[in-house]
Each structure stands twice: as structure tokens, then as C-alpha cells.
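query26.txt (compact mmCIF, C-alpha atoms) appears below.
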```
# COMPACT_ATOMS: atom_id res chain seq x y z
CA MET A 1 -69.76 44.69 169.91
CA ILE A 2 -71.57 46.05 166.83
CA THR A 3 -70.79 49.48 165.37
CA LEU A 4 -73.21 50.74 162.73
CA ARG A 5 -72.37 52.64 159.55
CA PRO A 6 -75.74 54.07 158.39
CA ALA A 7 -76.26 54.43 154.64
CA ASP A 8 -77.31 58.08 154.87
CA GLU A 9 -74.05 59.02 156.62
CA ARG A 10 -71.81 57.77 153.83
CA GLY A 11 -69.90 60.05 151.52
CA HIS A 12 -71.70 60.92 148.29
CA ALA A 13 -70.56 62.09 144.86
CA ASN A 14 -72.89 62.70 141.91
CA LEU A 15 -71.03 63.47 138.69
CA GLY A 16 -74.05 63.07 136.43
CA TRP A 17 -72.82 59.93 134.73
CA LEU A 18 -71.78 58.45 138.10
CA ASP A 19 -73.76 58.41 141.35
CA SER A 20 -71.53 56.95 144.07
CA HIS A 21 -71.83 56.42 147.83
CA HIS A 22 -68.63 55.83 149.81
CA SER A 23 -68.68 53.75 153.00
CA PHE A 24 -65.13 54.93 153.73
CA SER A 25 -63.02 57.97 152.83
CA PHE A 26 -62.46 58.12 149.08
CA ALA A 27 -61.49 60.79 146.53
CA ASP A 28 -62.95 64.15 147.67
CA TYR A 29 -64.77 62.55 150.63
CA TYR A 30 -62.55 62.46 153.70
CA ASP A 31 -63.58 61.53 157.22
CA PRO A 32 -60.79 60.43 159.59
CA ARG A 33 -63.35 58.41 161.57
CA HIS A 34 -64.09 56.27 158.51
CA MET A 35 -60.87 55.23 156.81
CA GLY A 36 -61.79 51.56 156.47
CA VAL A 37 -62.01 48.50 158.69
CA SER A 38 -58.87 46.40 159.18
CA GLN A 39 -57.53 45.76 155.65
CA LEU A 40 -60.84 46.70 154.01
CA ARG A 41 -60.23 50.15 152.56
CA VAL A 42 -63.06 50.95 150.11
CA ILE A 43 -66.70 50.05 149.50
CA ASN A 44 -68.12 52.26 146.77
CA ASP A 45 -71.77 51.78 145.80
CA ASP A 46 -71.67 52.93 142.17
CA ARG A 47 -74.47 53.59 139.69
CA VAL A 48 -73.20 54.32 136.19
CA ALA A 49 -75.37 55.88 133.50
CA PRO A 50 -75.80 54.20 130.08
CA ARG A 51 -72.95 54.68 127.61
CA SER A 52 -70.73 56.00 130.41
CA GLY A 53 -67.91 54.74 132.58
CA PHE A 54 -64.41 55.01 133.95
CA ASP A 55 -61.72 55.75 131.38
CA ALA A 56 -58.42 53.87 131.57
CA HIS A 57 -56.73 54.58 134.90
CA PRO A 58 -53.94 52.94 136.94
CA HIS A 59 -53.89 50.99 140.21
CA ARG A 60 -51.05 49.53 142.24
CA ASP A 61 -50.80 47.28 145.33
CA MET A 62 -54.51 46.82 145.94
CA GLU A 63 -56.90 43.86 145.77
CA ILE A 64 -59.88 45.18 143.81
CA VAL A 65 -63.14 43.23 143.99
CA THR A 66 -66.21 44.11 141.91
CA TYR A 67 -69.63 42.70 142.81
CA MET A 68 -72.28 43.17 140.14
CA LEU A 69 -75.82 44.04 141.21
CA GLU A 70 -77.51 45.22 138.02
CA GLY A 71 -76.66 45.70 134.35
CA THR A 72 -73.43 44.94 132.52
CA VAL A 73 -69.90 46.30 132.80
CA LYS A 74 -67.35 46.08 130.02
CA HIS A 75 -63.85 45.64 131.41
CA LYS A 76 -60.50 46.04 129.64
CA ASP A 77 -57.04 46.07 131.20
CA SER A 78 -53.31 46.22 130.46
CA MET A 79 -52.95 42.48 131.20
CA GLY A 80 -54.87 41.78 127.99
CA ASN A 81 -58.22 40.95 129.61
CA SER A 82 -61.39 42.10 127.86
CA SER A 83 -64.61 40.87 129.42
CA ARG A 84 -68.18 41.63 130.39
CA LEU A 85 -69.66 41.07 133.83
CA ARG A 86 -73.35 40.82 134.65
CA ALA A 87 -75.49 40.72 137.79
CA GLY A 88 -74.27 38.08 140.22
CA GLU A 89 -70.74 37.96 138.83
CA VAL A 90 -67.60 38.79 140.80
CA GLN A 91 -64.32 40.11 139.47
CA VAL A 92 -61.01 40.14 141.36
CA MET A 93 -58.09 42.17 140.09
CA SER A 94 -54.85 42.07 142.05
CA ALA A 95 -53.19 45.29 140.94
CA GLY A 96 -49.77 44.27 142.26
CA SER A 97 -46.88 46.10 140.61
CA GLY A 98 -49.29 48.04 138.43
CA VAL A 99 -52.26 47.69 136.10
CA VAL A 100 -54.33 50.02 133.95
CA HIS A 101 -58.01 49.27 133.35
CA SER A 102 -61.28 50.78 132.19
CA GLU A 103 -64.89 50.03 133.13
CA TYR A 104 -67.81 51.01 130.94
CA ASN A 105 -71.59 50.60 130.79
CA PRO A 106 -72.10 49.55 127.15
CA SER A 107 -75.90 49.66 127.25
CA ALA A 108 -77.83 52.49 125.60
CA SER A 109 -80.63 52.25 128.16
CA GLU A 110 -79.90 49.91 131.08
CA PRO A 111 -78.42 51.24 134.33
CA LEU A 112 -75.28 49.72 135.83
CA HIS A 113 -75.10 49.12 139.60
CA LEU A 114 -72.04 47.60 141.23
CA LEU A 115 -70.01 47.54 144.41
CA GLN A 116 -66.33 48.40 144.06
CA ILE A 117 -64.26 47.02 146.94
CA TRP A 118 -60.60 47.59 147.77
CA ILE A 119 -58.66 45.41 150.20
CA GLN A 120 -55.05 46.20 151.08
CA PRO A 121 -52.72 43.29 150.13
CA ARG A 122 -50.26 41.51 152.41
CA GLU A 123 -47.47 41.80 149.81
CA SER A 124 -46.54 44.51 147.34
CA ARG A 125 -44.95 44.86 143.90
CA VAL A 126 -46.02 41.38 142.80
CA PRO A 127 -47.24 40.57 139.26
CA PRO A 128 -50.85 41.65 138.68
CA ARG A 129 -53.50 39.03 138.03
CA TYR A 130 -57.19 38.78 137.11
CA ALA A 131 -60.12 36.42 137.69
CA GLN A 132 -63.91 36.49 137.43
CA LYS A 133 -66.71 34.05 138.20
CA ASP A 134 -70.49 33.84 138.02
CA PHE A 135 -72.11 33.40 141.46
CA SER A 136 -75.66 34.19 140.33
CA SER A 137 -76.89 30.69 141.28
CA LEU A 138 -75.62 30.97 144.87
CA ARG A 139 -78.31 30.78 147.54
CA GLY A 140 -77.92 31.15 151.29
CA LEU A 141 -74.38 31.92 152.46
CA GLY A 142 -71.42 31.24 150.19
CA LEU A 143 -67.74 32.11 149.88
CA LEU A 144 -66.81 34.51 147.07
CA VAL A 145 -63.20 35.47 147.85
CA SER A 146 -60.48 33.91 150.03
CA PRO A 147 -56.69 33.84 150.39
CA ASP A 148 -56.41 30.32 148.96
CA GLY A 149 -59.31 30.05 146.50
CA ARG A 150 -61.01 27.30 148.48
CA GLU A 151 -64.58 26.13 147.85
CA GLY A 152 -64.52 27.59 144.36
CA SER A 153 -63.83 31.13 145.57
CA LEU A 154 -61.58 33.66 143.86
CA PRO A 155 -58.13 34.18 145.47
CA ILE A 156 -56.75 37.46 146.81
CA ARG A 157 -53.39 38.33 148.33
CA GLN A 158 -54.62 38.95 151.87
CA ASP A 159 -55.80 36.87 154.84
CA ALA A 160 -59.37 37.98 154.26
CA CYS A 161 -62.56 36.27 153.13
CA LEU A 162 -65.67 37.68 151.51
CA TYR A 163 -69.00 35.88 151.80
CA LEU A 164 -72.28 36.56 150.04
CA ALA A 165 -75.57 36.11 151.88
CA ARG A 166 -78.35 35.87 149.30
CA LEU A 167 -81.50 35.32 151.33
CA ASP A 168 -85.26 35.18 150.86
CA ASP A 169 -87.69 36.90 153.20
CA ARG A 170 -87.36 35.51 156.78
CA GLN A 171 -84.57 33.17 155.74
CA ARG A 172 -81.81 32.75 158.32
CA THR A 173 -78.15 31.86 158.11
CA SER A 174 -75.14 32.07 160.41
CA GLN A 175 -71.36 32.09 160.37
CA PRO A 176 -69.11 31.29 163.36
CA ALA A 177 -66.90 34.24 164.33
CA ARG A 178 -63.23 33.44 164.77
CA THR A 179 -61.41 34.80 167.81
CA GLY A 180 -59.28 37.84 167.05
CA ARG A 181 -60.98 38.55 163.72
CA THR A 182 -62.98 41.60 162.66
CA TYR A 183 -66.16 41.28 160.61
CA TYR A 184 -67.83 43.86 158.43
CA LEU A 185 -71.30 43.46 156.94
CA HIS A 186 -72.57 45.56 154.03
CA VAL A 187 -76.19 45.27 152.89
CA ALA A 188 -76.25 45.55 149.11
CA SER A 189 -80.01 45.23 148.69
CA GLY A 190 -83.02 44.43 150.84
CA SER A 191 -82.88 44.44 154.63
CA LEU A 192 -81.95 42.10 157.46
CA GLN A 193 -81.07 41.74 161.09
CA VAL A 194 -77.53 40.90 162.19
CA ASN A 195 -77.37 39.58 165.74
CA GLY A 196 -80.72 41.27 166.36
CA VAL A 197 -79.73 44.67 164.91
CA SER A 198 -81.70 45.92 161.89
CA LEU A 199 -79.91 47.04 158.71
CA ALA A 200 -81.29 48.28 155.38
CA ALA A 201 -79.75 48.64 151.93
CA GLY A 202 -76.52 50.63 152.06
CA ASP A 203 -76.07 50.16 155.80
CA GLY A 204 -72.94 48.57 157.20
CA ALA A 205 -71.84 47.19 160.56
CA THR A 206 -68.50 46.28 162.14
CA LEU A 207 -68.67 43.26 164.43
CA VAL A 208 -65.95 42.52 166.99
CA ASP A 209 -65.91 39.89 169.76
CA GLU A 210 -69.23 38.39 168.69
CA PRO A 211 -69.52 34.59 169.09
CA ALA A 212 -71.25 34.25 165.71
CA ILE A 213 -72.74 36.27 162.88
CA GLU A 214 -76.48 35.56 162.83
CA LEU A 215 -78.42 36.89 159.84
CA GLU A 216 -82.18 36.99 159.26
CA ALA A 217 -83.56 38.60 156.11
CA ARG A 218 -86.55 40.94 156.31
CA ASP A 219 -87.18 40.69 152.56
CA LYS A 220 -85.23 39.43 149.57
CA THR A 221 -81.70 40.46 150.49
CA GLU A 222 -78.10 40.44 149.28
CA ALA A 223 -75.37 41.24 151.82
CA LEU A 224 -71.58 40.98 151.80
CA LEU A 225 -69.80 39.70 154.90
CA PHE A 226 -66.06 40.39 155.27
CA ASP A 227 -63.88 38.24 157.58
CA LEU A 228 -60.80 40.38 158.23
CA PRO A 229 -57.52 40.06 160.16
```

As C-alpha cells, the full file:
Amino acid sequence: MITLRPADERGHANLGWLDSHHSFSFADYYDPRHMGVSQLRVINDDRVAPRSGFDAHPHRDMEIVTYMLEGTVKHKDSMGNSSRLRAGEVQVMSAGSGVVHSEYNPSASEPLHLLQIWIQPRESRVPPRYAQKDFSSLRGLGLLVSPDGREGSLPIRQDACLYLARLDDRQRTSQPARTGRTYYLHVASGSLQVNGVSLAAGDGATLVDEPAIELEARDKTEALLFDLP
């Protein structure tokens, strides 16, 4: 069964410096029909203006994943990390017992486009931790995030995996679907078909009781595939 989440039905907030689309309820956008999928709680599609960003703010008991699409983000947190992430890089911050961080677009002219993802953890009040990695050379289907850090992925504190499908026009890839699992696909850029259903940039789809996840790009495409408990 495939349930679509069309891009134009997402929540939307435009604060001038921030233009954000919310796949699930977030901040002032609330829809009880769209509170997340399994342990996946937030997918925010954020565009941040030059010389703007999120001032220091706290998080607790959340696995926060950032996927960079365009531009550069300057990150600083209370764990002592100070870093920059660019297109194709992934950051994982396990907020645990508490962390404060800021995110800023340091460029005077370049836009910043990223996906901010929250996954609920399986354990709470644990020490926070941080990791980042460059996946810009990945082609086809590859693992970005997992519970055990296998295959060079970044670890999170949840039985969930995040894959990236970076595909050229008409390129195909597939992933077996495990029994009892829920899958969520978010198209970050481009367009594709998942099990014969067409999706464009910003669209999402929940897949349950499908034997496999079959993807075919319709142009140059980046999509995130979540394997959830």
C-alpha cells in the first residue's frame, strides 16, 4: 500500500529569512493527520537567506539529521563542535540529555537549502553526540544513517535506516522491503516513480506491505528513503 504526501499539501512558513515546508506538523503548522510516520517525526525543507540562520536553541531526546542540498551551513553547538557542511554532506546530532546549537548561512550571496529531519530515539537522557560525513560522491542507492553505523553510515539511537538514492535520468534501483517495517520516501530534487507511482520534488510517500521499493528516476534525482520500525 502506498499513501502519498503531495508537496503542495505540506505546511508552509515564510519568515523572510527562512522559507520552510513541513511534511509533518511542526511549530505553528498542526495537522493531526500528519504527525509523522513511525519514529520519523519531522522533515523540514528549509531555504535560508544569505547572512541569516537559526540562533542558538536547545534540543533534547531527538535524533536530528541534516541533509545538505545547496550552499553552506555553519554549525556550532554546546558540545564544542564548530563546523561547516556543504552540498552532499550529512550531519547527525543525537540531542540526548540536552544540547544547544546554532545554524547559519555564512554566505553574502549564496542560498542555503537543506532538509532537517527528526527521528524519535529509542532511549532518552543519554549523553549527546555529533557526527558528520561527506556523501557527495555517492551514486545509486547508499546508506547514510543506521543504528549501528554499518557500511560507513552515521549511527543514530533508533532502529531506523536512511538511504540516499542519487539517480540519473531513467536510472533504476531497488531495495527489498522487510516484513513488518514501514518505509517513507521523500523526493529532495528531481522526479521519479516508486513502484510505478510518480513523485516530484517535495512529494513523499509511505509504503507498507510492499515486497520491494522500486525506484526509477525521471530526471536527475535525489531522494531519501527511510526504513522505519

With all atoms of range 60-71 of chain A from the file as input, state the centre and edge lengths in Å to one decimal of the axis-aligned box that has 5 Å extra on each side, as JSON.
```
{"center_x": -64.2, "center_y": 46.1, "center_z": 140.1, "size_x": 36.7, "size_y": 16.8, "size_z": 21.6}
```

Check your understanding: Hey, what's within 6 Å of Val73 in chain A if we count all atoms listed in the file and toss same-chain stuff fewer than 4 positions away? As a ChimeraX atom specification, please?
Key -> /A:84-85,104-105

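In this comparison, which uses only C-alpha atoms, the residue of A:His34, A:Arg139, A:His12, A:Lys133 approaching Thr66 in chain A most closely is A:Lys133.
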
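If you measure from each of A:Tyr67, A:Tyr184, A:Tyr130, A:Phe135 to Leu40 in chain A using all atoms listed in the file, the closest one turns out to be A:Tyr184.
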
Point to revise | Residue among A:Ser191, A:Ser146, A:Asn14, A:Ser174 lying closest to Leu162 in chain A, counting only C-alpha atoms | key: A:Ser146

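Rounded to one decimal, CA of Tyr163 in chain A and CA of Tyr183 in chain A lie 10.7 Å from each other.
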
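Interatomic distance, CA of Asp168 in chain A against CA of Leu69 in chain A: 16.1 Å.
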
Supply range 102-121 of chain A as a short mmCIF file (atom, residue, chain, number, x, y, z; two decimals), in the coordinates of the input, with N, CA, C and O atoms built in where the input has gaps.
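New file part.cif:
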```cif
data_model
loop_
_atom_site.label_atom_id
_atom_site.label_comp_id
_atom_site.auth_asym_id
_atom_site.auth_seq_id
_atom_site.Cartn_x
_atom_site.Cartn_y
_atom_site.Cartn_z
N SER A 102 -60.12 49.94 132.40
CA SER A 102 -61.28 50.78 132.19
C SER A 102 -62.53 49.96 132.46
O SER A 102 -62.52 48.73 132.32
N GLU A 103 -63.60 50.66 132.86
CA GLU A 103 -64.89 50.03 133.13
C GLU A 103 -65.97 50.89 132.50
O GLU A 103 -66.01 52.11 132.71
N TYR A 104 -66.88 50.25 131.76
CA TYR A 104 -67.81 51.01 130.94
C TYR A 104 -69.17 50.31 130.91
O TYR A 104 -69.24 49.08 130.87
N ASN A 105 -70.23 51.11 130.96
CA ASN A 105 -71.59 50.60 130.79
C ASN A 105 -71.92 50.66 129.30
O ASN A 105 -72.18 51.74 128.77
N PRO A 106 -71.92 49.52 128.61
CA PRO A 106 -72.10 49.55 127.15
C PRO A 106 -73.54 49.71 126.70
O PRO A 106 -73.79 49.93 125.51
N SER A 107 -74.50 49.62 127.63
CA SER A 107 -75.90 49.66 127.25
C SER A 107 -76.34 51.09 126.91
O SER A 107 -75.88 52.06 127.52
N ALA A 108 -77.26 51.19 125.95
CA ALA A 108 -77.83 52.49 125.60
C ALA A 108 -78.96 52.89 126.53
O ALA A 108 -79.39 54.05 126.52
N SER A 109 -79.45 51.94 127.35
CA SER A 109 -80.63 52.25 128.16
C SER A 109 -80.59 51.67 129.58
O SER A 109 -81.20 52.23 130.49
N GLU A 110 -79.86 50.58 129.78
CA GLU A 110 -79.90 49.91 131.08
C GLU A 110 -78.93 50.55 132.07
O GLU A 110 -77.77 50.85 131.72
N PRO A 111 -79.34 50.73 133.31
CA PRO A 111 -78.42 51.24 134.33
C PRO A 111 -77.41 50.17 134.73
O PRO A 111 -77.63 48.98 134.51
N LEU A 112 -76.32 50.61 135.30
CA LEU A 112 -75.28 49.72 135.83
C LEU A 112 -75.13 50.02 137.32
O LEU A 112 -74.95 51.17 137.71
N HIS A 113 -75.23 48.98 138.14
CA HIS A 113 -75.10 49.12 139.60
C HIS A 113 -74.12 48.07 140.08
O HIS A 113 -74.31 46.87 139.85
N LEU A 114 -73.06 48.52 140.74
CA LEU A 114 -72.04 47.60 141.23
C LEU A 114 -71.44 48.11 142.53
O LEU A 114 -71.56 49.28 142.87
N LEU A 115 -70.80 47.20 143.23
CA LEU A 115 -70.01 47.54 144.41
C LEU A 115 -68.54 47.37 144.06
O LEU A 115 -68.12 46.31 143.59
N GLN A 116 -67.77 48.43 144.27
CA GLN A 116 -66.33 48.40 144.06
C GLN A 116 -65.65 48.35 145.42
O GLN A 116 -65.87 49.22 146.27
N ILE A 117 -64.84 47.32 145.63
CA ILE A 117 -64.26 47.02 146.94
C ILE A 117 -62.75 46.97 146.81
O ILE A 117 -62.22 46.34 145.89
N TRP A 118 -62.06 47.65 147.73
CA TRP A 118 -60.60 47.59 147.77
C TRP A 118 -60.15 46.99 149.10
O TRP A 118 -60.60 47.42 150.16
N ILE A 119 -59.26 46.02 149.02
CA ILE A 119 -58.66 45.41 150.20
C ILE A 119 -57.14 45.54 150.07
O ILE A 119 -56.56 45.19 149.03
N GLN A 120 -56.50 46.03 151.11
CA GLN A 120 -55.05 46.20 151.08
C GLN A 120 -54.36 44.83 151.09
O GLN A 120 -54.72 43.96 151.89
N PRO A 121 -53.37 44.61 150.23
CA PRO A 121 -52.72 43.29 150.13
C PRO A 121 -51.68 43.08 151.23
O PRO A 121 -51.23 44.03 151.86
#
```
